file protein.txt (compact mmCIF, C-alpha atoms)
# COMPACT_ATOMS: atom_id res chain seq x y z
CA MET X 1 3.18 -12.77 20.04
CA THR X 2 6.65 -11.50 19.16
CA TRP X 3 9.44 -10.80 21.61
CA TYR X 4 12.29 -8.43 20.68
CA LEU X 5 15.47 -9.83 22.17
CA ARG X 6 18.89 -8.16 22.04
CA LYS X 7 21.66 -10.72 21.49
CA GLU X 8 25.19 -10.53 20.11
CA GLU X 9 23.95 -11.21 16.59
CA GLY X 10 21.44 -8.36 16.93
CA ILE X 11 17.66 -8.33 17.26
CA ARG X 12 15.82 -11.54 16.51
CA THR X 13 12.13 -12.35 16.67
CA PRO X 14 11.52 -15.96 17.74
CA SER X 15 8.10 -17.32 16.79
CA GLU X 16 7.36 -18.56 20.29
CA ALA X 17 8.43 -17.30 23.69
CA LYS X 18 7.20 -17.77 27.20
CA ILE X 19 5.43 -14.83 28.80
CA GLY X 20 7.57 -13.35 31.51
CA ALA X 21 10.86 -14.40 29.89
CA PRO X 22 13.51 -12.37 31.74
CA ASP X 23 15.40 -11.46 28.54
CA GLY X 24 12.32 -10.03 26.77
CA LEU X 25 11.35 -6.43 27.59
CA TRP X 26 8.93 -5.68 24.77
CA VAL X 27 6.04 -7.65 23.30
CA LYS X 28 4.21 -6.92 20.07
CA CYS X 29 0.47 -7.43 20.42
CA PRO X 30 -0.53 -9.98 17.74
CA ASN X 31 -3.84 -8.14 17.24
CA CYS X 32 -2.98 -4.43 16.98
CA GLN X 33 0.80 -4.82 16.49
CA LYS X 34 1.53 -2.21 19.15
CA PRO X 35 4.64 -2.71 21.31
CA LEU X 36 3.95 -3.40 24.98
CA HIS X 37 6.45 -3.25 27.81
CA ILE X 38 6.49 -6.54 29.72
CA GLN X 39 5.91 -4.85 33.08
CA ASP X 40 2.87 -3.00 31.74
CA LEU X 41 1.62 -6.29 30.32
CA ILE X 42 2.03 -8.06 33.67
CA ASN X 43 0.24 -5.21 35.44
CA SER X 44 -2.68 -5.51 32.99
CA LEU X 45 -2.85 -9.31 33.53
CA TYR X 46 -1.52 -9.94 30.01
CA VAL X 47 -4.29 -7.96 28.30
CA CYS X 48 -3.19 -5.47 25.64
CA THR X 49 -3.66 -1.98 27.05
CA ASN X 50 -4.23 -0.61 23.54
CA CYS X 51 -6.85 -2.95 22.01
CA GLY X 52 -7.90 -5.25 24.87
CA ASN X 53 -6.57 -8.38 23.19
CA HIS X 54 -6.14 -11.22 25.70
CA LEU X 55 -2.67 -12.71 25.29
CA PRO X 56 -2.43 -16.43 26.11
CA ILE X 57 -1.19 -17.36 29.57
CA GLY X 58 -0.80 -20.59 31.52
CA SER X 59 -1.68 -22.06 34.88
CA GLN X 60 1.03 -20.26 36.83
CA GLU X 61 -0.24 -16.87 35.69
CA TYR X 62 -3.87 -17.74 36.43
CA PHE X 63 -2.89 -18.96 39.90
CA ARG X 64 -1.18 -15.61 40.54
CA ILE X 65 -4.24 -13.73 39.31
CA LEU X 66 -6.77 -15.70 41.35
CA PHE X 67 -5.21 -16.93 44.57
CA GLU X 68 -4.18 -14.83 47.51
CA LYS X 69 -0.40 -14.62 47.86
CA ASP X 70 1.04 -18.05 48.76
CA GLY X 71 -2.51 -19.10 49.61
CA TYR X 72 -2.81 -22.30 47.61
CA GLU X 73 -1.57 -25.88 47.43
CA VAL X 74 -0.83 -27.60 44.10
CA LEU X 75 -2.18 -31.16 44.00
CA PHE X 76 -1.61 -34.46 42.18
CA GLU X 77 1.79 -33.63 40.69
CA ASN X 78 2.83 -37.20 41.52
CA ILE X 79 0.32 -38.54 38.94
CA LEU X 80 2.42 -38.64 35.78
CA PRO X 81 1.69 -39.57 32.16
CA THR X 82 2.92 -42.84 30.64
CA ASP X 83 2.75 -44.41 27.18
CA PRO X 84 0.24 -47.28 27.54
CA LEU X 85 -0.07 -47.84 23.78
CA GLY X 86 3.59 -47.54 22.84
CA PHE X 87 2.47 -44.84 20.38
CA VAL X 88 4.85 -43.63 17.66
CA ASP X 89 4.16 -41.14 14.89
CA SER X 90 7.04 -38.94 13.73
CA LYS X 91 8.57 -39.60 17.15
CA PRO X 92 7.71 -41.78 20.17
CA TYR X 93 5.07 -40.45 22.54
CA THR X 94 7.50 -40.86 25.44
CA THR X 95 9.86 -38.46 23.65
CA ARG X 96 7.05 -35.94 23.17
CA LEU X 97 6.20 -36.11 26.87
CA LEU X 98 9.80 -35.55 27.92
CA GLU X 99 10.20 -32.66 25.48
CA ALA X 100 6.97 -31.03 26.70
CA GLN X 101 8.02 -31.41 30.33
CA ARG X 102 11.43 -29.94 29.63
CA LYS X 103 10.07 -27.07 27.52
CA THR X 104 7.26 -26.02 29.86
CA GLY X 105 8.56 -27.04 33.27
CA LEU X 106 5.19 -28.77 33.79
CA THR X 107 4.42 -32.43 34.41
CA GLU X 108 1.14 -32.46 32.45
CA ALA X 109 -1.32 -30.25 30.59
CA VAL X 110 -3.34 -29.40 33.70
CA ARG X 111 -2.45 -28.16 37.17
CA CYS X 112 -4.85 -28.49 40.08
CA ALA X 113 -4.83 -26.55 43.31
CA VAL X 114 -6.89 -25.78 46.37
CA GLY X 115 -6.55 -22.37 47.95
CA ASN X 116 -7.99 -19.05 49.00
CA ILE X 117 -9.67 -16.74 46.49
CA GLY X 118 -10.85 -13.78 48.50
CA PRO X 119 -12.81 -15.15 51.47
CA TYR X 120 -13.51 -18.47 49.75
CA ARG X 121 -11.51 -21.67 49.70
CA ALA X 122 -11.89 -23.13 46.20
CA ALA X 123 -10.78 -26.07 44.07
CA VAL X 124 -9.21 -24.86 40.81
CA ALA X 125 -7.89 -26.61 37.70
CA VAL X 126 -6.12 -24.72 34.89
CA MET X 127 -5.08 -26.23 31.57
CA ASP X 128 -1.77 -25.35 29.88
CA PHE X 129 -1.85 -25.19 26.06
CA GLY X 130 1.94 -25.22 25.91
CA PHE X 131 1.95 -28.88 26.99
CA ILE X 132 1.08 -30.81 23.79
CA GLY X 133 -1.64 -28.32 22.91
CA GLY X 134 -3.34 -28.66 26.28
CA SER X 135 -4.60 -32.04 25.11
CA MET X 136 -6.60 -34.20 27.49
CA GLY X 137 -4.93 -37.53 28.16
CA SER X 138 -5.65 -40.02 30.91
CA VAL X 139 -3.62 -38.11 33.52
CA VAL X 140 -5.37 -34.82 32.72
CA GLY X 141 -8.72 -36.55 33.19
CA GLU X 142 -7.57 -38.29 36.37
CA ARG X 143 -6.28 -35.08 37.95
CA ILE X 144 -9.50 -33.22 37.17
CA ALA X 145 -11.60 -36.14 38.46
CA ARG X 146 -9.64 -36.22 41.72
CA LEU X 147 -9.97 -32.46 42.11
CA ILE X 148 -13.74 -32.74 41.71
CA GLN X 149 -13.75 -35.56 44.27
CA ARG X 150 -11.79 -33.34 46.66
CA ALA X 151 -14.30 -30.53 46.09
CA VAL X 152 -17.16 -32.93 46.88
CA GLU X 153 -15.53 -34.20 50.06
CA GLU X 154 -14.55 -30.76 51.36
CA ARG X 155 -17.59 -28.94 49.93
CA LEU X 156 -15.57 -26.43 47.92
CA PRO X 157 -16.69 -24.27 45.01
CA LEU X 158 -15.16 -25.62 41.80
CA LEU X 159 -13.47 -23.63 39.03
CA ILE X 160 -11.93 -25.09 35.85
CA ILE X 161 -10.14 -22.88 33.30
CA SER X 162 -9.87 -24.62 29.93
CA ARG X 163 -7.44 -24.04 27.09
CA SER X 164 -7.10 -27.12 24.95
CA GLY X 165 -7.06 -28.56 21.46
CA GLY X 166 -9.09 -31.56 22.64
CA ALA X 167 -8.39 -35.21 23.38
CA ARG X 168 -4.82 -36.54 23.11
CA MET X 169 -4.62 -38.80 20.07
CA MET X 170 -1.47 -40.56 21.33
CA GLU X 171 -3.57 -42.29 23.99
CA GLY X 172 -6.41 -43.34 21.70
CA SER X 173 -9.65 -44.40 23.39
CA LEU X 174 -8.03 -43.95 26.82
CA SER X 175 -8.17 -40.20 26.26
CA LEU X 176 -11.82 -40.35 25.15
CA VAL X 177 -12.79 -42.16 28.36
CA GLN X 178 -11.79 -39.02 30.27
CA MET X 179 -14.78 -37.18 28.79
CA ALA X 180 -17.19 -39.60 30.47
CA LYS X 181 -15.17 -39.81 33.68
CA THR X 182 -14.98 -36.06 34.29
CA ALA X 183 -18.67 -35.66 33.35
CA ALA X 184 -19.65 -38.41 35.80
CA TRP X 185 -17.74 -36.75 38.62
CA LEU X 186 -19.36 -33.41 37.79
CA SER X 187 -22.73 -35.14 38.11
CA GLU X 188 -21.71 -36.21 41.62
CA TYR X 189 -20.51 -32.69 42.37
CA GLY X 190 -23.88 -31.33 41.24
CA LYS X 191 -25.57 -33.23 44.06
CA THR X 192 -23.79 -31.02 46.60
CA GLY X 193 -25.64 -27.94 45.38
CA LEU X 194 -22.33 -26.07 45.14
CA PRO X 195 -21.50 -24.03 42.02
CA TYR X 196 -19.18 -25.25 39.28
CA ILE X 197 -17.91 -22.34 37.18
CA SER X 198 -16.21 -23.12 33.88
CA VAL X 199 -13.98 -20.53 32.18
CA LEU X 200 -13.28 -21.07 28.47
CA THR X 201 -10.21 -19.38 27.03
CA ASP X 202 -8.67 -19.30 23.57
CA PRO X 203 -8.85 -21.99 22.28
CA THR X 204 -11.19 -24.51 23.92
CA MET X 205 -11.88 -27.27 21.42
CA GLY X 206 -12.64 -30.94 20.87
CA GLY X 207 -13.32 -33.37 23.68
CA VAL X 208 -12.71 -30.76 26.36
CA THR X 209 -15.52 -28.61 24.97
CA ALA X 210 -17.68 -31.73 24.65
CA SER X 211 -17.19 -32.64 28.31
CA PHE X 212 -16.34 -30.63 31.42
CA ALA X 213 -15.75 -27.24 29.76
CA MET X 214 -19.41 -26.78 28.81
CA LEU X 215 -20.95 -28.41 31.89
CA GLY X 216 -20.58 -25.49 34.27
CA ASP X 217 -23.48 -24.14 36.27
CA ILE X 218 -22.12 -20.90 34.82
CA ASN X 219 -19.96 -20.91 31.68
CA ILE X 220 -17.71 -17.87 31.27
CA ALA X 221 -15.51 -17.07 28.26
CA GLU X 222 -12.71 -14.60 27.71
CA PRO X 223 -13.29 -12.11 24.86
CA LYS X 224 -12.75 -13.49 21.34
CA ALA X 225 -12.01 -16.98 22.68
CA LEU X 226 -12.30 -19.73 20.06
CA ILE X 227 -14.78 -22.32 21.31
CA GLY X 228 -15.92 -25.39 19.42
CA PHE X 229 -15.71 -29.12 18.86
CA ALA X 230 -14.21 -29.41 15.37
CA GLY X 231 -12.52 -26.86 13.14
CA PRO X 232 -14.47 -24.86 10.54
CA ARG X 233 -13.12 -26.90 7.60
CA VAL X 234 -14.22 -30.20 9.15
CA ILE X 235 -17.69 -28.83 9.96
CA ARG X 236 -18.08 -27.37 6.47
CA GLU X 237 -17.14 -30.66 4.85
CA ALA X 238 -19.46 -32.63 7.15
CA THR X 239 -22.50 -30.37 6.72
CA GLY X 240 -21.90 -29.13 3.19
CA LYS X 241 -22.98 -25.65 4.29
CA ASP X 242 -21.30 -22.29 4.56
CA LEU X 243 -20.76 -21.18 8.13
CA PRO X 244 -21.54 -17.73 9.56
CA PRO X 245 -18.48 -15.57 10.19
CA GLY X 246 -17.05 -15.84 13.69
CA PHE X 247 -19.40 -18.67 14.62
CA GLN X 248 -16.86 -20.21 17.00
CA GLU X 249 -15.93 -16.99 18.80
CA ALA X 250 -17.14 -16.31 22.33
CA GLU X 251 -19.34 -13.40 21.25
CA PHE X 252 -21.29 -15.61 18.82
CA GLN X 253 -21.57 -18.32 21.47
CA LEU X 254 -22.99 -15.81 23.96
CA GLU X 255 -25.52 -14.49 21.46
CA HIS X 256 -26.76 -18.03 20.80
CA GLY X 257 -26.91 -19.13 24.44
CA PHE X 258 -23.96 -21.52 24.60
CA ILE X 259 -22.18 -19.49 27.28
CA ASP X 260 -23.48 -17.20 30.01
CA LEU X 261 -20.92 -14.42 30.31
CA ILE X 262 -17.93 -12.89 28.57
CA VAL X 263 -15.54 -11.51 31.17
CA ASP X 264 -12.38 -9.48 30.70
CA ARG X 265 -9.51 -11.22 32.47
CA ARG X 266 -8.92 -8.11 34.54
CA GLN X 267 -12.42 -8.55 36.01
CA LEU X 268 -12.31 -12.35 36.32
CA LYS X 269 -11.50 -12.55 40.03
CA SER X 270 -14.04 -9.88 41.03
CA THR X 271 -16.69 -11.58 38.86
CA LEU X 272 -16.03 -14.95 40.50
CA LEU X 273 -16.35 -13.38 43.94
CA ARG X 274 -19.66 -11.73 43.03
CA LEU X 275 -21.02 -15.02 41.68
CA TRP X 276 -19.90 -16.95 44.76
CA ASN X 277 -21.42 -14.27 46.99
CA MET X 278 -24.76 -14.93 45.31
CA LEU X 279 -24.54 -18.70 44.92
CA LEU X 280 -22.93 -19.67 48.21
call {"tool": "encode", "arguments": {"input": "protein.txt", "output": "structure tokens"}}
result
Amino acid sequence: MTWYLRKEEGIRTPSEAKIGAPDGLWVKCPNCQKPLHIQDLINSLYVCTNCGNHLPIGSQEYFRILFEKDGYEVLFENILPTDPLGFVDSKPYTTRLLEAQRKTGLTEAVRCAVGNIGPYRAAVAVMDFGFIGGSMGSVVGERIARLIQRAVEERLPLLIISRSGGARMMEGSLSLVQMAKTAAWLSEYGKTGLPYISVLTDPTMGGVTASFAMLGDINIAEPKALIGFAGPRVIREATGKDLPPGFQEAEFQLEHGFIDLIVDRRQLKSTLLRLWNMLL
């Protein structure tokens, strides 16, 4: 998305900007290119009022959308990422972590909370793509596992909103272990008979798709969300076949039975409440 900012040197269009930035009043929809006033965008839950395009948002915005005002507690912020492998590519992993924390104001790529959504007390995890592409490292997996454990102990409905590029390569096999760990805890959660609802947003890829994101009792996607394990080029090279257009979009996934519902963000909370009314 593009923000028009008035500075001394005139109007500039930075390539990235955080939604809700106080110095940005207008946003250009990346889909229809129509200008949107930031207040109108906030009122529409960051969905373009012209074409319905869902602009990307993070955990703080989803918490505001879902939870009753001041009706939630953020958990596990004391569990922080480290650099167990001493990984260095173009820069040390520790530097990347510090830069991501400074840029986003987050401690990791997932935030977990327990709070009130309508009449229900629920356990909720939301991934933040802005933190190293929402990648799943050992702390992301540990936070989600502990949230599931909390949901088991307190018998809470579980909701996880995914937006991720997949496993975090800087942690090697330690990041891949999180796939099995979160899946194992979801198996334990399944024994409670309570519903786990997974919401897949754009994009949900890699090891996150191959683990907890697709293990919901009900899997919901936002419109046009990109959902898959590997990118189209990798799949094409591996299979040697041409791929159908839009095969990784939510609408294709729904048609072929990989997800259960596509829900407009503006109806997400009411849809969750209807599902919980039936399932609880």
call {"tool": "atom_distance", "arguments": {"input": "protein.txt", "atom1": "atom CA of X:Gly190", "atom2": "atom CA of X:Val152"}}
result
8.9 Å
call {"tool": "closest_residue", "arguments": {"input": "protein.txt", "among": "X:Leu98, X:Ile235, X:Thr201, X:Met214", "to": "X:Glu249", "atoms": "only C-alpha atoms"}}
result
X:Thr201
call {"tool": "closest_atom_pairs", "arguments": {"input": "protein.txt", "of": "stretch 155-259 of chain X", "to": "stretch 122-146 of chain X", "cutoff": "9 Å", "atoms": "only C-alpha atoms", "output": "JSON lines"}}
result
{"residue": "X:Arg155", "atom": "CA", "partner": "X:Ala122", "partner_atom": "CA", "distance": 9.0}
{"residue": "X:Leu156", "atom": "CA", "partner": "X:Ala122", "partner_atom": "CA", "distance": 5.2}
{"residue": "X:Pro157", "atom": "CA", "partner": "X:Ala122", "partner_atom": "CA", "distance": 5.1}
{"residue": "X:Leu158", "atom": "CA", "partner": "X:Ala123", "partner_atom": "CA", "distance": 5.0}
{"residue": "X:Leu159", "atom": "CA", "partner": "X:Val124", "partner_atom": "CA", "distance": 4.8}
{"residue": "X:Ile160", "atom": "CA", "partner": "X:Ala125", "partner_atom": "CA", "distance": 4.7}
{"residue": "X:Ile161", "atom": "CA", "partner": "X:Val126", "partner_atom": "CA", "distance": 4.7}
{"residue": "X:Ser162", "atom": "CA", "partner": "X:Met127", "partner_atom": "CA", "distance": 5.3}
{"residue": "X:Arg163", "atom": "CA", "partner": "X:Met127", "partner_atom": "CA", "distance": 5.5}
{"residue": "X:Ser164", "atom": "CA", "partner": "X:Gly134", "partner_atom": "CA", "distance": 4.3}
{"residue": "X:Gly165", "atom": "CA", "partner": "X:Ser135", "partner_atom": "CA", "distance": 5.6}
{"residue": "X:Gly166", "atom": "CA", "partner": "X:Ser135", "partner_atom": "CA", "distance": 5.1}
{"residue": "X:Ala167", "atom": "CA", "partner": "X:Met136", "partner_atom": "CA", "distance": 4.6}
{"residue": "X:Arg168", "atom": "CA", "partner": "X:Ser135", "partner_atom": "CA", "distance": 4.9}
{"residue": "X:Met169", "atom": "CA", "partner": "X:Gly137", "partner_atom": "CA", "distance": 8.2}
{"residue": "X:Met170", "atom": "CA", "partner": "X:Gly137", "partner_atom": "CA", "distance": 8.2}
{"residue": "X:Glu171", "atom": "CA", "partner": "X:Gly137", "partner_atom": "CA", "distance": 6.5}
{"residue": "X:Gly172", "atom": "CA", "partner": "X:Gly137", "partner_atom": "CA", "distance": 8.8}
{"residue": "X:Leu174", "atom": "CA", "partner": "X:Ser138", "partner_atom": "CA", "distance": 6.2}
{"residue": "X:Ser175", "atom": "CA", "partner": "X:Gly137", "partner_atom": "CA", "distance": 4.6}
{"residue": "X:Leu176", "atom": "CA", "partner": "X:Gly137", "partner_atom": "CA", "distance": 8.0}
{"residue": "X:Val177", "atom": "CA", "partner": "X:Ser138", "partner_atom": "CA", "distance": 7.9}
{"residue": "X:Gln178", "atom": "CA", "partner": "X:Gly141", "partner_atom": "CA", "distance": 4.9}
{"residue": "X:Met179", "atom": "CA", "partner": "X:Gly141", "partner_atom": "CA", "distance": 7.5}
{"residue": "X:Lys181", "atom": "CA", "partner": "X:Ala145", "partner_atom": "CA", "distance": 7.0}
{"residue": "X:Thr182", "atom": "CA", "partner": "X:Ala145", "partner_atom": "CA", "distance": 5.4}
{"residue": "X:Ala183", "atom": "CA", "partner": "X:Ala145", "partner_atom": "CA", "distance": 8.7}
{"residue": "X:Ala184", "atom": "CA", "partner": "X:Ala145", "partner_atom": "CA", "distance": 8.8}
{"residue": "X:Trp185", "atom": "CA", "partner": "X:Ala145", "partner_atom": "CA", "distance": 6.2}
{"residue": "X:Leu186", "atom": "CA", "partner": "X:Ala145", "partner_atom": "CA", "distance": 8.3}
{"residue": "X:Pro203", "atom": "CA", "partner": "X:Phe129", "partner_atom": "CA", "distance": 8.6}
{"residue": "X:Gly207", "atom": "CA", "partner": "X:Met136", "partner_atom": "CA", "distance": 7.8}
{"residue": "X:Val208", "atom": "CA", "partner": "X:Met136", "partner_atom": "CA", "distance": 7.1}
call {"tool": "write_last_selection", "arguments": {"input": "protein.txt", "atoms": "C-alpha atoms", "output": "mmCIF file, in the coordinates of the input"}}
result
data_model
loop_
_atom_site.group_PDB
_atom_site.id
_atom_site.type_symbol
_atom_site.label_atom_id
_atom_site.label_comp_id
_atom_site.auth_asym_id
_atom_site.auth_seq_id
_atom_site.Cartn_x
_atom_site.Cartn_y
_atom_site.Cartn_z
ATOM 1 C CA ARG X 155 -17.590 -28.940 49.930
ATOM 2 C CA LEU X 156 -15.570 -26.430 47.920
ATOM 3 C CA PRO X 157 -16.690 -24.270 45.010
ATOM 4 C CA LEU X 158 -15.160 -25.620 41.800
ATOM 5 C CA LEU X 159 -13.470 -23.630 39.030
ATOM 6 C CA ILE X 160 -11.930 -25.090 35.850
ATOM 7 C CA ILE X 161 -10.140 -22.880 33.300
ATOM 8 C CA SER X 162 -9.870 -24.620 29.930
ATOM 9 C CA ARG X 163 -7.440 -24.040 27.090
ATOM 10 C CA SER X 164 -7.100 -27.120 24.950
ATOM 11 C CA GLY X 165 -7.060 -28.560 21.460
ATOM 12 C CA GLY X 166 -9.090 -31.560 22.640
ATOM 13 C CA ALA X 167 -8.390 -35.210 23.380
ATOM 14 C CA ARG X 168 -4.820 -36.540 23.110
ATOM 15 C CA MET X 169 -4.620 -38.800 20.070
ATOM 16 C CA MET X 170 -1.470 -40.560 21.330
ATOM 17 C CA GLU X 171 -3.570 -42.290 23.990
ATOM 18 C CA GLY X 172 -6.410 -43.340 21.700
ATOM 19 C CA LEU X 174 -8.030 -43.950 26.820
ATOM 20 C CA SER X 175 -8.170 -40.200 26.260
ATOM 21 C CA LEU X 176 -11.820 -40.350 25.150
ATOM 22 C CA VAL X 177 -12.790 -42.160 28.360
ATOM 23 C CA GLN X 178 -11.790 -39.020 30.270
ATOM 24 C CA MET X 179 -14.780 -37.180 28.790
ATOM 25 C CA LYS X 181 -15.170 -39.810 33.680
ATOM 26 C CA THR X 182 -14.980 -36.060 34.290
ATOM 27 C CA ALA X 183 -18.670 -35.660 33.350
ATOM 28 C CA ALA X 184 -19.650 -38.410 35.800
ATOM 29 C CA TRP X 185 -17.740 -36.750 38.620
ATOM 30 C CA LEU X 186 -19.360 -33.410 37.790
ATOM 31 C CA PRO X 203 -8.850 -21.990 22.280
ATOM 32 C CA GLY X 207 -13.320 -33.370 23.680
ATOM 33 C CA VAL X 208 -12.710 -30.760 26.360
#
call {"tool": "closest_residue", "arguments": {"input": "protein.txt", "among": "X:Ser44, X:Glu77, X:Ser270, X:Asp83", "to": "X:Glu108", "atoms": "all atoms listed in the file"}}
result
X:Glu77
call {"tool": "residues_around", "arguments": {"input": "protein.txt", "residues": "X:Ala250", "least_positions_apart": "3", "cutoff": "9 Å", "atoms": "all atoms listed in the file", "output": "PyMOL selection string"}}
result
chain X and resi 200-201+221-227+246-247+253-255+258-259+262
call {"tool": "atom_distance", "arguments": {"input": "protein.txt", "atom1": "atom CA of X:Leu75", "atom2": "atom CA of X:Gly193"}}
result
23.7 Å
call {"tool": "atom_distance", "arguments": {"input": "protein.txt", "atom1": "atom CA of X:Leu66", "atom2": "atom CA of X:Pro119"}}
result
11.8 Å
call {"tool": "residues_around", "arguments": {"input": "protein.txt", "residues": "X:Leu275", "least_positions_apart": "4", "cutoff": "12 Å", "atoms": "all atoms listed in the file", "output": "number ranges by chain"}}
result
X: 120, 157, 159, 194-197, 217-220, 261, 268-271, 279-280
call {"tool": "closest_residue", "arguments": {"input": "protein.txt", "among": "X:Gly231, X:Pro35, X:Gly52, X:Pro84", "to": "X:Ser173", "atoms": "all atoms listed in the file"}}
result
X:Pro84
